[in-house]
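Undergrad: One structure coming up, written as structure tokens, with questions to follow.
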Amino acid sequence: ETPSYLKKYPMGEISVNTINGIESFGLDKDTTQWLYYSDFDEMIIRAKVSNGATAIHENSFELGYGLDWIYKPETKTINGLKCQLVTDEGCTWKIWFCSDIQVKQNLLRIQNLTGLVVEADFLPFNTHYKLLSYDTQSPIDDAVFEPNEFKQPFEKGPVLKSIYGKGRQKTKLENQQEILKQ
């Protein structure tokens with residue numbers, strides 16, 4: 001498949017007339033624009049932008065990596081799924097999720113929740129997401145979990161931790177640093 005915008009902009013470029021002249025914007029002509037892979041057995045994340053010159057980045061992560069969620073008492077049924085409201089400490093997300101469907105990662109790399117995101121609002125960009133359907137019975141090709149792109153060399157990055165840190169346990173390194181300070 002190719003991105004649908006290439007029908008209108010086959011050269012992969014948009015030019016816009018502005019007061020100061022013409023502004024041009026490049027569009028990605030590749031079908032895969034961003035790869036993001038989480039391996040919860042190995043506790044690693046690998047990511048790559050489609051540009052061939054960009055290296056694959058690999059980061060290990062700790063349990064609890066991601067946003068710290070504030071679980072609200074409000075519930076509602078969405079498309080037959082009983083959902084609970086959750087927000088993050090920074091009040092950027094308002095999410096309805098179903099804890100009956102266990103997943104380790106959701107849309108837009110949202111993790112550290114106890115269920116499947118059914119509806120979500122990302123408030124800073126006034127963006128709304130809604131689950132249209134899901135399937136837990138279809139087989140998934142192994143290439144989804146080990147894409148060829150991730151067999152290339154990669155750059156190791158730092159250990160990823162919870163953004164806010166509240167409620168997470170200290171890492172072994174943080175504990176060692178604290179002991180050294182005493």
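Each chain in the structure tokens gets a letter, A, B, ..., in the order shown, and its residues are numbered from 1; ligands are numbered from 1 in order too.
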Taking the DSSP assignment computed from this structure's backbone, write out as a PyMOL selection string all residues of range 54-132 of chain A that belong to strand (DSSP E).
TA: chain A and resi 56-60+69-78+81-88+93-98+116-122+127-130
Undergrad: For the selection you just gave me, I'd like the residues written to a file as a short mmCIF file (atom, residue, chain, number, x, y, z; two decimals), in the first residue's frame, keeping N, CA and C atoms.
TA:
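Dumped to selection-v2.cif:
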data_model
loop_
_atom_site.label_atom_id
_atom_site.label_comp_id
_atom_site.auth_asym_id
_atom_site.auth_seq_id
_atom_site.Cartn_x
_atom_site.Cartn_y
_atom_site.Cartn_z
N ILE A 56 18.49 2.38 13.75
CA ILE A 56 17.51 1.80 14.66
C ILE A 56 17.99 2.09 16.07
N HIS A 57 17.09 2.53 16.92
CA HIS A 57 17.44 2.82 18.31
C HIS A 57 16.83 1.75 19.20
N GLU A 58 17.62 1.28 20.16
CA GLU A 58 17.12 0.29 21.11
C GLU A 58 17.33 0.82 22.52
N ASN A 59 16.27 0.77 23.29
CA ASN A 59 16.32 1.15 24.70
C ASN A 59 15.75 0.03 25.52
N SER A 60 16.38 -0.26 26.65
CA SER A 60 15.74 -1.16 27.60
C SER A 60 14.79 -0.31 28.43
N TRP A 69 -0.66 6.67 35.74
CA TRP A 69 -2.08 6.87 35.50
C TRP A 69 -2.84 7.11 36.79
N ILE A 70 -3.84 7.95 36.71
CA ILE A 70 -4.76 8.22 37.82
C ILE A 70 -6.09 7.58 37.43
N TYR A 71 -6.43 6.49 38.11
CA TYR A 71 -7.65 5.76 37.81
C TYR A 71 -8.83 6.46 38.48
N LYS A 72 -9.83 6.80 37.68
CA LYS A 72 -11.03 7.51 38.15
C LYS A 72 -12.15 6.50 38.41
N PRO A 73 -13.10 6.85 39.26
CA PRO A 73 -14.20 5.92 39.55
C PRO A 73 -15.25 5.84 38.43
N GLU A 74 -15.26 6.79 37.49
CA GLU A 74 -16.27 6.80 36.44
C GLU A 74 -16.11 5.60 35.50
N THR A 75 -17.24 5.01 35.15
CA THR A 75 -17.27 3.91 34.18
C THR A 75 -18.39 4.18 33.18
N LYS A 76 -18.25 3.60 32.00
CA LYS A 76 -19.32 3.65 31.01
C LYS A 76 -19.12 2.50 30.03
N THR A 77 -20.19 2.13 29.35
CA THR A 77 -20.13 1.06 28.36
C THR A 77 -19.98 1.69 26.98
N ILE A 78 -18.94 1.26 26.26
CA ILE A 78 -18.68 1.75 24.91
C ILE A 78 -18.62 0.53 24.00
N LEU A 81 -18.39 -2.76 25.68
CA LEU A 81 -17.25 -2.98 26.57
C LEU A 81 -17.37 -2.07 27.79
N LYS A 82 -17.25 -2.66 28.99
CA LYS A 82 -17.29 -1.86 30.21
C LYS A 82 -15.94 -1.17 30.37
N CYS A 83 -15.96 0.15 30.38
CA CYS A 83 -14.74 0.94 30.40
C CYS A 83 -14.64 1.80 31.65
N GLN A 84 -13.41 2.08 32.04
CA GLN A 84 -13.13 2.95 33.18
C GLN A 84 -12.31 4.13 32.67
N LEU A 85 -12.49 5.27 33.32
CA LEU A 85 -11.77 6.49 32.96
C LEU A 85 -10.43 6.54 33.66
N VAL A 86 -9.40 6.98 32.93
CA VAL A 86 -8.08 7.18 33.50
C VAL A 86 -7.50 8.45 32.88
N THR A 87 -6.72 9.18 33.66
CA THR A 87 -5.99 10.35 33.15
C THR A 87 -4.55 10.21 33.61
N ASP A 88 -3.68 11.00 33.01
CA ASP A 88 -2.28 10.99 33.46
C ASP A 88 -2.05 12.19 34.37
N TRP A 93 -3.87 13.32 28.82
CA TRP A 93 -4.69 12.23 28.29
C TRP A 93 -5.95 12.05 29.11
N LYS A 94 -7.05 11.78 28.43
CA LYS A 94 -8.31 11.34 29.04
C LYS A 94 -8.67 10.06 28.28
N ILE A 95 -8.60 8.93 28.98
CA ILE A 95 -8.72 7.63 28.32
C ILE A 95 -9.81 6.78 28.98
N TRP A 96 -10.62 6.13 28.13
CA TRP A 96 -11.56 5.11 28.57
C TRP A 96 -10.97 3.78 28.12
N PHE A 97 -10.74 2.87 29.07
CA PHE A 97 -10.12 1.59 28.74
C PHE A 97 -10.94 0.45 29.33
N CYS A 98 -10.78 -0.74 28.74
CA CYS A 98 -11.50 -1.94 29.19
C CYS A 98 -10.50 -2.88 29.83
N LEU A 116 -7.26 -2.52 27.49
CA LEU A 116 -7.29 -1.99 26.12
C LEU A 116 -7.93 -0.61 26.07
N VAL A 117 -7.26 0.34 25.40
CA VAL A 117 -7.82 1.67 25.20
C VAL A 117 -8.97 1.56 24.19
N VAL A 118 -10.14 2.07 24.58
CA VAL A 118 -11.32 2.03 23.72
C VAL A 118 -11.59 3.42 23.14
N GLU A 119 -11.42 4.45 23.95
CA GLU A 119 -11.50 5.84 23.49
C GLU A 119 -10.43 6.62 24.21
N ALA A 120 -9.87 7.62 23.52
CA ALA A 120 -8.84 8.45 24.13
C ALA A 120 -8.86 9.85 23.54
N ASP A 121 -8.56 10.81 24.37
CA ASP A 121 -8.41 12.20 23.94
C ASP A 121 -7.04 12.67 24.37
N PHE A 122 -6.26 13.17 23.40
CA PHE A 122 -4.97 13.80 23.71
C PHE A 122 -5.24 15.29 23.70
N THR A 127 -7.05 15.92 20.02
CA THR A 127 -7.12 14.75 19.17
C THR A 127 -7.95 13.66 19.86
N HIS A 128 -8.85 13.03 19.11
CA HIS A 128 -9.71 11.98 19.66
C HIS A 128 -9.44 10.67 18.93
N TYR A 129 -9.34 9.58 19.68
CA TYR A 129 -9.14 8.25 19.12
C TYR A 129 -10.28 7.36 19.59
N LYS A 130 -10.74 6.48 18.71
CA LYS A 130 -11.81 5.57 19.07
C LYS A 130 -11.55 4.22 18.43
#
Undergrad: What is the CA of Leu132 in chain A-CA of Asn106 in chain A distance in Å, reported with one decimal?
TA: 13.8 Å
Undergrad: Considering only C-alpha atoms, state which residue in the set A:Leu107, A:Ala47, A:Leu67, A:Ile140 is at the smallest distance from Phe154 in chain A.
TA: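 When distances to Phe154 in chain A are compared using only C-alpha atoms, the smallest one comes from A:Ala47.
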Undergrad: Thr114 in chain A: which residues within 8 Å, counting only C-alpha atoms, same-chain residues fewer than 3 positions away excluded, as JSON, numbers by chain?
TA: {"A": [99, 102, 103, 104]}
Undergrad: Between A:Pro124, A:Thr136, A:Gly115, A:Leu35, which is the closest to Asn148 in chain A once you count only C-alpha atoms?
TA: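 Looking only at the distances to Asn148 in chain A, the closest residue turns out to be A:Leu35.
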